[in-house]
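Dropping input00.txt in here (compact mmCIF, C-alpha atoms):
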# COMPACT_ATOMS: atom_id res chain seq x y z
CA MET H 238 -25.13 7.48 -31.28
CA ALA H 239 -21.70 6.88 -29.79
CA SER H 240 -20.34 3.38 -29.84
CA GLU H 241 -19.67 1.80 -26.46
CA LYS H 242 -16.36 0.20 -25.58
CA VAL H 243 -16.78 -3.56 -25.46
CA ARG H 244 -14.69 -5.37 -22.83
CA LYS H 245 -13.66 -8.90 -23.74
CA PRO H 246 -14.72 -11.46 -21.13
CA ARG H 247 -11.97 -12.95 -19.02
CA PRO H 248 -10.94 -16.44 -20.22
CA TYR H 249 -12.25 -19.01 -17.77
CA TRP H 250 -9.03 -21.01 -17.84
CA HIS H 251 -7.26 -18.02 -16.27
CA VAL H 252 -9.00 -18.88 -12.99
CA ASP H 253 -7.63 -22.43 -12.97
CA ALA H 254 -4.20 -21.21 -14.07
CA LYS H 255 -4.18 -18.64 -11.26
CA TRP H 256 -4.86 -21.27 -8.59
CA ILE H 257 -2.28 -23.71 -9.98
CA THR H 258 0.33 -20.96 -10.28
CA GLY H 259 -0.43 -19.70 -6.78
CA ILE H 260 -0.02 -23.14 -5.21
CA LEU H 261 3.26 -23.75 -7.03
CA LEU H 262 4.48 -20.29 -6.04
CA LEU H 263 3.66 -21.06 -2.41
CA PHE H 264 6.06 -24.02 -2.42
CA LEU H 265 8.69 -22.15 -4.43
CA LEU H 266 8.65 -19.17 -2.08
CA THR H 267 8.92 -21.47 0.94
CA LEU H 268 12.04 -23.03 -0.55
CA THR H 269 13.46 -19.66 -1.62
CA ILE H 270 13.01 -18.13 1.84
CA LEU H 271 14.66 -21.15 3.46
CA ILE H 272 17.64 -20.86 1.10
CA PHE H 273 17.82 -17.12 1.79
CA ILE H 274 18.02 -17.77 5.55
CA LEU H 275 20.79 -20.31 4.96
CA VAL H 276 22.65 -17.82 2.75
CA GLN H 277 22.56 -15.33 5.61
CA LEU H 278 23.62 -17.97 8.11
CA THR H 279 26.63 -19.14 6.08
CA ALA H 280 27.91 -15.66 5.19
CA PRO H 281 31.44 -15.06 6.54
CA LYS H 282 30.48 -12.93 9.55
CA GLN H 283 27.54 -15.07 10.62
CA GLY H 284 29.16 -18.36 9.63
CA ILE H 285 32.31 -17.81 11.66
CA SER H 286 30.25 -16.62 14.63
CA PHE H 287 28.04 -19.72 14.34
CA LEU H 288 31.05 -22.05 14.21
CA THR H 289 32.71 -20.25 17.11
CA THR H 290 29.68 -20.58 19.35
CA MET H 291 29.09 -24.20 18.38
CA LEU H 292 32.68 -25.19 19.13
CA ALA H 293 32.74 -23.24 22.39
CA SER H 294 29.43 -24.70 23.54
CA SER H 295 30.44 -28.26 22.63
CA PHE H 296 33.74 -28.12 24.50
CA SER H 297 32.31 -26.24 27.49
CA TYR H 298 29.30 -28.42 28.25
CA GLU H 299 30.98 -30.80 30.68
CA SER H 300 32.57 -27.94 32.62
CA GLY H 301 29.21 -26.23 33.12
CA GLY H 302 28.61 -24.10 30.04
CA LEU H 303 29.94 -20.98 28.38
CA ASP H 304 29.59 -18.77 31.44
CA THR H 305 31.35 -21.04 33.93
CA PRO H 306 34.50 -19.26 35.16
CA ASP H 307 36.54 -22.30 36.25
CA ASP H 308 38.33 -23.10 32.97
CA VAL H 309 39.08 -19.46 32.26
CA ALA H 310 40.45 -19.02 35.79
CA ILE H 311 42.78 -21.98 35.20
CA MET H 312 43.85 -20.42 31.91
CA ARG H 313 44.72 -17.13 33.61
CA GLU H 314 46.59 -18.99 36.35
CA LYS H 315 48.66 -20.96 33.82
CA ILE H 316 49.51 -17.78 31.92
CA ALA H 317 50.62 -16.09 35.14
CA GLN H 318 52.88 -19.05 35.97
CA SER H 319 54.40 -19.20 32.48
CA PRO H 320 57.89 -17.66 32.12
CA ASN H 321 57.05 -16.15 28.72
CA GLY H 322 53.52 -15.04 29.67
CA GLU H 323 51.67 -17.40 27.36
CA TRP H 324 50.06 -20.83 27.54
CA GLN H 325 49.10 -23.51 25.05
CA PRO H 326 45.76 -24.94 26.26
CA ILE H 327 45.74 -27.90 23.86
CA PRO H 328 49.04 -29.73 23.33
CA GLY H 329 49.61 -30.43 19.67
CA MET H 330 47.65 -27.37 18.54
CA GLN H 331 49.38 -24.15 17.55
CA ILE H 332 47.18 -21.80 19.52
CA VAL H 333 48.64 -19.93 22.46
CA VAL H 334 46.88 -17.58 24.84
CA ARG H 335 48.47 -14.48 26.34
CA ALA H 336 47.25 -12.38 29.22
CA GLU H 337 46.28 -9.50 26.92
CA ASP H 338 44.19 -11.83 24.74
CA ILE H 339 41.65 -12.46 27.49
CA ALA H 340 42.17 -9.39 29.66
CA GLY H 341 38.85 -7.83 30.67
CA LYS H 342 36.83 -10.58 29.01
CA THR H 343 34.03 -12.51 30.68
CA PRO H 344 34.30 -16.32 30.70
CA ARG H 345 31.95 -16.47 27.70
CA GLU H 346 33.91 -13.85 25.77
CA ALA H 347 37.22 -15.56 26.56
CA ARG H 348 35.91 -18.90 25.33
CA LEU H 349 34.52 -17.35 22.16
CA TRP H 350 37.84 -15.62 21.49
CA PHE H 351 39.73 -18.89 21.87
CA PHE H 352 37.45 -20.97 19.66
CA ARG H 353 37.32 -18.27 17.01
CA GLN H 354 40.95 -19.21 16.32
CA TRP H 355 39.56 -22.60 15.28
CA ALA H 356 36.49 -21.31 13.47
CA GLU H 357 38.18 -18.95 11.00
CA PRO H 358 40.45 -21.52 9.28
CA LEU H 359 37.65 -24.07 9.49
CA TYR H 360 35.27 -21.74 7.67
CA TYR H 361 37.64 -20.66 4.91
CA ASP H 362 39.63 -23.87 4.36
CA GLY H 363 37.47 -26.63 5.83
CA PRO H 364 38.98 -29.53 7.84
CA GLU H 365 42.31 -28.97 6.08
CA GLY H 366 42.51 -25.46 7.54
CA LEU H 367 41.89 -26.73 11.06
CA ALA H 368 44.39 -29.56 10.60
CA ASN H 369 47.06 -27.02 9.65
CA LEU H 370 46.86 -25.65 13.19
CA MET H 371 47.84 -29.04 14.58
CA THR H 372 51.27 -30.57 15.00
CA ASP H 373 50.09 -33.96 16.23
CA PRO H 374 49.77 -36.37 13.24
CA ASP H 375 46.97 -38.33 14.91
CA MET H 376 44.95 -35.17 15.52
CA GLN H 377 45.50 -34.07 11.92
CA LYS H 378 44.36 -37.43 10.59
CA SER H 379 41.25 -37.42 12.77
CA VAL H 380 40.23 -33.93 11.62
CA LYS H 381 40.89 -34.62 7.94
CA GLU H 382 38.69 -37.71 8.07
CA GLY H 383 35.70 -35.52 8.83
CA ILE H 384 34.23 -33.12 11.35
CA GLY H 385 30.57 -34.05 11.01
CA PRO H 386 27.95 -31.30 10.62
CA LEU H 387 30.57 -28.58 11.13
CA ASP H 388 31.80 -29.25 7.61
CA PHE H 389 28.58 -27.69 6.27
CA MET H 390 29.47 -24.24 7.57
CA ASN H 391 32.13 -22.97 5.20
CA ALA H 392 32.77 -20.50 2.40
CA GLY H 393 32.19 -23.15 -0.28
CA THR H 394 28.72 -23.94 1.04
CA HIS H 395 27.92 -20.23 1.10
CA SER H 396 28.85 -19.87 -2.58
CA LYS H 397 26.71 -22.87 -3.56
CA LEU H 398 23.76 -21.55 -1.59
CA LYS H 399 24.00 -18.17 -3.33
CA ILE H 400 23.76 -19.91 -6.69
CA ALA H 401 20.79 -21.96 -5.48
CA PHE H 402 19.12 -18.81 -4.16
CA ALA H 403 19.61 -16.99 -7.46
CA PHE H 404 18.04 -19.87 -9.38
CA SER H 405 15.18 -20.39 -6.93
CA GLY H 406 14.54 -16.65 -6.76
CA ALA H 407 14.41 -16.37 -10.55
CA VAL H 408 11.91 -19.22 -10.83
CA SER H 409 9.81 -17.69 -8.04
CA LEU H 410 9.77 -14.34 -9.85
CA LEU H 411 8.66 -16.10 -13.03
CA PHE H 412 5.72 -17.73 -11.27
CA LEU H 413 4.94 -14.47 -9.49
CA GLY H 414 4.68 -12.78 -12.87
CA LEU H 415 2.41 -15.55 -14.16
CA LEU H 416 0.21 -15.18 -11.09
CA VAL H 417 -0.16 -11.47 -11.81
CA VAL H 418 -1.01 -12.17 -15.46
CA PHE H 419 -3.67 -14.76 -14.59
CA SER H 420 -5.23 -12.58 -11.90
CA TYR H 421 -7.83 -9.90 -12.59
CA ARG H 422 -7.81 -6.20 -11.78
CA PHE H 423 -6.85 -5.67 -8.13
CA GLY H 424 -6.36 -9.40 -7.72
CA ARG H 425 -3.02 -8.70 -9.35
CA LEU H 426 -2.04 -7.17 -6.02
CA GLY H 427 -4.14 -9.35 -3.74
CA SER H 428 -3.13 -12.75 -5.13
CA PRO H 429 0.65 -12.25 -4.69
CA GLY H 430 0.00 -10.71 -1.28
CA CYS H 431 -2.05 -13.71 -0.21
CA VAL H 432 0.63 -16.17 -1.36
CA ILE H 433 3.42 -14.23 0.39
CA PHE H 434 1.36 -14.04 3.59
CA LEU H 435 0.52 -17.75 3.57
CA THR H 436 4.16 -18.60 2.90
CA ALA H 437 5.48 -16.58 5.82
CA ILE H 438 2.92 -17.43 8.52
CA PRO H 439 4.00 -21.08 9.16
CA GLY H 440 7.66 -20.09 9.27
CA LEU H 441 7.01 -17.27 11.73
CA VAL H 442 4.90 -19.50 14.00
CA PHE H 443 7.59 -22.18 13.98
CA MET H 444 10.39 -19.71 14.73
CA LEU H 445 8.43 -18.05 17.54
CA GLY H 446 7.84 -21.47 19.09
CA LEU H 447 11.53 -22.31 18.72
CA ARG H 448 12.48 -19.01 20.35
CA GLY H 449 10.21 -19.78 23.29
CA TRP H 450 11.80 -23.20 23.72
CA ILE H 451 15.30 -21.70 23.55
CA GLU H 452 14.44 -19.09 26.18
CA GLN H 453 13.04 -21.80 28.44
CA THR H 454 16.18 -23.91 27.98
CA ALA H 455 18.39 -20.90 28.73
CA GLN H 456 16.51 -20.29 31.98
CA ASN H 457 17.00 -23.92 33.00
CA PRO H 458 20.55 -24.80 31.88
CA THR H 459 21.46 -28.47 31.86
CA GLY H 460 25.24 -28.21 31.78
CA GLY H 461 27.14 -30.01 34.49
CA GLY H 462 24.31 -32.36 35.38
CA GLU H 463 23.53 -35.86 34.21
CA GLU H 464 24.39 -35.93 30.54
CA THR H 465 22.00 -37.34 28.00
CA PHE H 466 21.72 -36.90 24.26
CA ILE H 467 18.75 -34.58 24.72
CA THR H 468 20.24 -32.37 27.44
CA ARG H 469 23.55 -31.96 25.65
CA TYR H 470 22.07 -30.93 22.33
CA ALA H 471 19.36 -28.83 23.95
CA GLN H 472 22.07 -26.75 25.58
CA LEU H 473 23.98 -26.57 22.30
CA ALA H 474 20.86 -25.30 20.54
CA ALA H 475 20.24 -22.73 23.27
CA ASP H 476 23.77 -21.38 22.80
CA VAL H 477 23.93 -21.44 19.01
CA LEU H 478 20.44 -20.76 17.64
CA PRO H 479 19.23 -17.44 19.16
CA ASP H 480 20.82 -15.24 16.48
CA VAL H 481 19.66 -17.57 13.71
CA VAL H 482 16.10 -17.56 15.01
CA ARG H 483 16.11 -13.78 15.46
CA GLN H 484 17.13 -13.19 11.84
CA ALA H 485 14.58 -15.70 10.57
CA ILE H 486 11.81 -14.01 12.58
CA GLN H 487 12.77 -10.65 11.07
CA THR H 488 12.63 -12.11 7.56
CA TYR H 489 9.23 -13.74 8.05
CA THR H 490 7.82 -10.63 9.75
CA ILE H 491 8.84 -8.42 6.83
CA LEU H 492 7.21 -10.84 4.39
CA ILE H 493 4.00 -10.95 6.42
CA PHE H 494 3.71 -7.16 6.43
CA LEU H 495 4.49 -7.09 2.71
CA GLY H 496 1.75 -9.62 2.03
CA LEU H 497 -0.76 -7.80 4.22
CA GLY H 498 0.14 -4.51 2.56
CA LEU H 499 -0.57 -5.89 -0.91
CA ILE H 500 -3.85 -7.42 0.26
CA PHE H 501 -4.87 -4.12 1.87
CA LEU H 502 -4.11 -2.16 -1.31
CA ALA H 503 -6.13 -4.66 -3.34
CA LEU H 504 -9.12 -4.31 -1.00
CA ILE H 505 -8.93 -0.52 -1.05
CA GLY H 506 -8.77 -0.52 -4.82
CA ALA H 507 -11.68 -2.94 -5.17
CA ILE H 508 -13.85 -0.87 -2.80
CA PHE H 509 -13.14 2.65 -3.98
CA ILE H 510 -12.21 2.19 -7.63
CA ARG H 511 -15.14 0.44 -9.21
CA GLU H 512 -15.39 -0.47 -12.86
CA ARG H 513 -18.21 1.29 -14.70
CA PRO H 514 -19.59 -1.06 -17.32
CA GLY H 515 -21.07 0.53 -20.40
CA LYS H 516 -19.31 3.85 -19.91
CA ALA H 517 -18.35 5.45 -23.19
CA PRO H 518 -14.71 6.30 -23.75
CA ALA H 519 -13.74 9.79 -22.63
CA SER H 520 -12.91 10.78 -26.20
CA ALA H 521 -16.37 9.88 -27.50
CA LYS H 522 -19.04 12.59 -27.58
CA THR H 523 -22.77 12.16 -27.41
CA GLU H 524 -25.31 14.19 -29.33
CA THR H 525 -25.84 16.52 -26.37
CA ASP H 526 -22.14 17.31 -26.35
CA LEU H 527 -22.25 18.63 -29.92
CA PRO H 528 -22.45 22.38 -30.41
CA GLN H 529 -25.94 23.61 -31.17

Could you express the structure from this file as structure tokens?
Amino acid sequence: MASEKVRKPRPYWHVDAKWITGILLLFLLTLTILIFILVQLTAPKQGISFLTTMLASSFSYESGGLDTPDDVAIMREKIAQSPNGEWQPIPGMQIVVRAEDIAGKTPREARLWFFRQWAEPLYYDGPEGLANLMTDPDMQKSVKEGIGPLDFMNAGTHSKLKIAFAFSGAVSLLFLGLLVVFSYRFGRLGSPGCVIFLTAIPGLVFMLGLRGWIEQTAQNPTGGGEETFITRYAQLAADVLPDVVRQAIQTYTILIFLGLGLIFLALIGAIFIRERPGKAPASAKTETDLPQ
């Protein structure tokens, strides 16, 4: 009589370890995804664009917003009146505007072009880089003393975030591996999928809500009216955040589909590939298999 293959029972503590590992992985993935979004945001292309829009929005609020043509019309008029065809909008700052610099640009595009001249040195060299554009000692001193939250958006921050992302990602992968080890059969697909799905859902819901609020604010601009703390920063958020929110939504959406895909594969496997207890190994032969 052929001997049957005996399967060792699964250690009970694996169940507890799976739940503990899954909960810890949930928090780790949440942190890792947040750091990943910040890494994308502070990358040179996105970081400079973010700084440009923030500066342009901040300085354009009182005149009516980024799309108001009045300031740009004055700029074009001053350039036309200038003997050398250029104009320095801010005395004490080494930035001049020529007719060709803003030719064919909308008011928004012209403002973004102008403030990009601030954003690039600010991103790469911090307050010192912006101060180097200034000839007024008082302006230089004021900038070097600090520029508030704008100081976060620079190349140095991007480098630090990449290191943090590498560390957080490595720890997350470690716990993901442990979750797979402590899971059983197709749970090794389903458990990671469930954790990834649960991690991404709150972020996606929050970002979709934020996008709706931004769209509502954009449809009801507050620039030029009675200024309050809320109206000013609501308009700033509506100008600056759309690209950030769009990228975050893409990231969370990809993770949700990844999680659902793993869960689906686990369900398919559990339904159609069933374990057959007591089945003899394929290499073993019964008495009826022996030649007569």

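Distances from H:Thr258, H:Leu265, H:Thr488, H:Ala340 to Ala407 of chain H were compared using only C-alpha atoms, and the smallest one belongs to H:Leu265.
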
Exercise. Just the residues within 9 Å of Ala317 of chain H, please, counting only C-alpha atoms, with nothing from its chain fewer than 6 positions along; format it as a ChimeraX atom specification.
Key: /H:323-324,336

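Each of H:Phe443, H:Phe423, H:Trp450, H:Phe352 was compared to Leu499 of chain H using only C-alpha atoms, and H:Phe423 turns out to be the nearest.
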
Quiz prompt | Å distance separating atom CA of Leu502 of chain H from atom CA of Ile274 of chain H, one decimal place | solution = 27.9 Å

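Between Leu261 of chain H and the residues H:Leu349, H:Ile339, H:Val432, H:Val309, the shortest atom-to-atom distance, using all atoms listed in the file, involves H:Val432.
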
Can you pull out the residues contacting Gly259 of chain H? Cut-off 12 Å, using all atoms listed in the file, and skip same-chain residues under 6 positions away; I want them as an mmCIF file with C-alpha atoms, in the frame of the given file.
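Below is the file that was written, out10.cif:
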data_model
loop_
_atom_site.group_PDB
_atom_site.id
_atom_site.type_symbol
_atom_site.label_atom_id
_atom_site.label_comp_id
_atom_site.auth_asym_id
_atom_site.auth_seq_id
_atom_site.Cartn_x
_atom_site.Cartn_y
_atom_site.Cartn_z
ATOM 1 C CA HIS H 251 -7.260 -18.020 -16.270
ATOM 2 C CA VAL H 252 -9.000 -18.880 -12.990
ATOM 3 C CA ASP H 253 -7.630 -22.430 -12.970
ATOM 4 C CA LEU H 265 8.690 -22.150 -4.430
ATOM 5 C CA LEU H 266 8.650 -19.170 -2.080
ATOM 6 C CA SER H 409 9.810 -17.690 -8.040
ATOM 7 C CA LEU H 410 9.770 -14.340 -9.850
ATOM 8 C CA LEU H 411 8.660 -16.100 -13.030
ATOM 9 C CA PHE H 412 5.720 -17.730 -11.270
ATOM 10 C CA LEU H 413 4.940 -14.470 -9.490
ATOM 11 C CA GLY H 414 4.680 -12.780 -12.870
ATOM 12 C CA LEU H 415 2.410 -15.550 -14.160
ATOM 13 C CA LEU H 416 0.210 -15.180 -11.090
ATOM 14 C CA VAL H 417 -0.160 -11.470 -11.810
ATOM 15 C CA VAL H 418 -1.010 -12.170 -15.460
ATOM 16 C CA PHE H 419 -3.670 -14.760 -14.590
ATOM 17 C CA SER H 420 -5.230 -12.580 -11.900
ATOM 18 C CA GLY H 424 -6.360 -9.400 -7.720
ATOM 19 C CA ARG H 425 -3.020 -8.700 -9.350
ATOM 20 C CA GLY H 427 -4.140 -9.350 -3.740
ATOM 21 C CA SER H 428 -3.130 -12.750 -5.130
ATOM 22 C CA PRO H 429 0.650 -12.250 -4.690
ATOM 23 C CA GLY H 430 0.000 -10.710 -1.280
ATOM 24 C CA CYS H 431 -2.050 -13.710 -0.210
ATOM 25 C CA VAL H 432 0.630 -16.170 -1.360
ATOM 26 C CA ILE H 433 3.420 -14.230 0.390
ATOM 27 C CA PHE H 434 1.360 -14.040 3.590
ATOM 28 C CA LEU H 435 0.520 -17.750 3.570
ATOM 29 C CA THR H 436 4.160 -18.600 2.900
#

Quiz item: Which one of H:Ala254, H:Leu497, H:Leu473, H:Met390 sits closest to Gly302 of chain H if you count only C-alpha atoms?
Solution: H:Leu473

Quiz item: Can you tell me, as a list in words, what residues are no more than 12 Å from Lys315 of chain H when counting only C-alpha atoms, ignoring any on the same chain fewer than 2 positions away?
Solution: Asp308, Val309, Ala310, Ile311, Met312, Arg313, Ala317, Gln318, Ser319, Pro320, Asn321, Gly322, Glu323, Trp324, Gln325, Pro326, Val333, Val334, Arg335 and Ala336 of chain H

Practice problem: Please measure the separation of atom CA of Leu263 of chain H and atom CA of Lys399 of chain H, giving the value in Å to one decimal. | Solution: 20.6 Å

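With all atoms listed in the file as the atoms that count, the minimum distance from Leu398 of chain H to the choices H:Leu495, H:Val481, H:Ile257, H:Leu268 is reached by H:Leu268.
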
Quiz item: Taking into account only C-alpha atoms, which residue in the set H:Leu271, H:Ile316, H:Leu303, H:Leu447 is nearest to Ser405 of chain H?
Solution: H:Leu271

Tell me, as a tab-separated table (two decimals) with C-alpha atoms, keeping the file's coordinate frame, which residues lie within 9 Å of segment 285-298 of chain H, counting all atoms listed in the file; anything in the same chain fewer than 4 positions away does not count.
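The result, stored in result.tsv:
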chain	number	residue	atom	x	y	z
H	278	LEU	CA	23.62	-17.97	8.11
H	279	THR	CA	26.63	-19.14	6.08
H	280	ALA	CA	27.91	-15.66	5.19
H	281	PRO	CA	31.44	-15.06	6.54
H	302	GLY	CA	28.61	-24.10	30.04
H	303	LEU	CA	29.94	-20.98	28.38
H	304	ASP	CA	29.59	-18.77	31.44
H	305	THR	CA	31.35	-21.04	33.93
H	308	ASP	CA	38.33	-23.10	32.97
H	345	ARG	CA	31.95	-16.47	27.70
H	348	ARG	CA	35.91	-18.90	25.33
H	349	LEU	CA	34.52	-17.35	22.16
H	350	TRP	CA	37.84	-15.62	21.49
H	351	PHE	CA	39.73	-18.89	21.87
H	352	PHE	CA	37.45	-20.97	19.66
H	353	ARG	CA	37.32	-18.27	17.01
H	354	GLN	CA	40.95	-19.21	16.32
H	355	TRP	CA	39.56	-22.60	15.28
H	356	ALA	CA	36.49	-21.31	13.47
H	357	GLU	CA	38.18	-18.95	11.00
H	359	LEU	CA	37.65	-24.07	9.49
H	360	TYR	CA	35.27	-21.74	7.67
H	387	LEU	CA	30.57	-28.58	11.13
H	390	MET	CA	29.47	-24.24	7.57
H	391	ASN	CA	32.13	-22.97	5.20
H	459	THR	CA	21.46	-28.47	31.86
H	460	GLY	CA	25.24	-28.21	31.78
H	461	GLY	CA	27.14	-30.01	34.49
H	469	ARG	CA	23.55	-31.96	25.65
H	470	TYR	CA	22.07	-30.93	22.33
H	472	GLN	CA	22.07	-26.75	25.58
H	473	LEU	CA	23.98	-26.57	22.30
H	474	ALA	CA	20.86	-25.30	20.54
H	476	ASP	CA	23.77	-21.38	22.80
H	477	VAL	CA	23.93	-21.44	19.01
H	478	LEU	CA	20.44	-20.76	17.64
H	480	ASP	CA	20.82	-15.24	16.48
H	481	VAL	CA	19.66	-17.57	13.71

How big is the axis-aligned box, and where does its centre sit, when it encloses all atoms of segment 333-337 of chain H listed in the file and has 8 Å added on every side, reported in Å to one decimal as AutoDock Vina command-line options?
--center_x 47.5 --center_y -14.7 --center_z 25.8 --size_x 18.4 --size_y 26.4 --size_z 22.8

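Taking atom CA of Gln456 of chain H and atom CA of Gly341 of chain H as endpoints, the distance between them is 25.6 Å.
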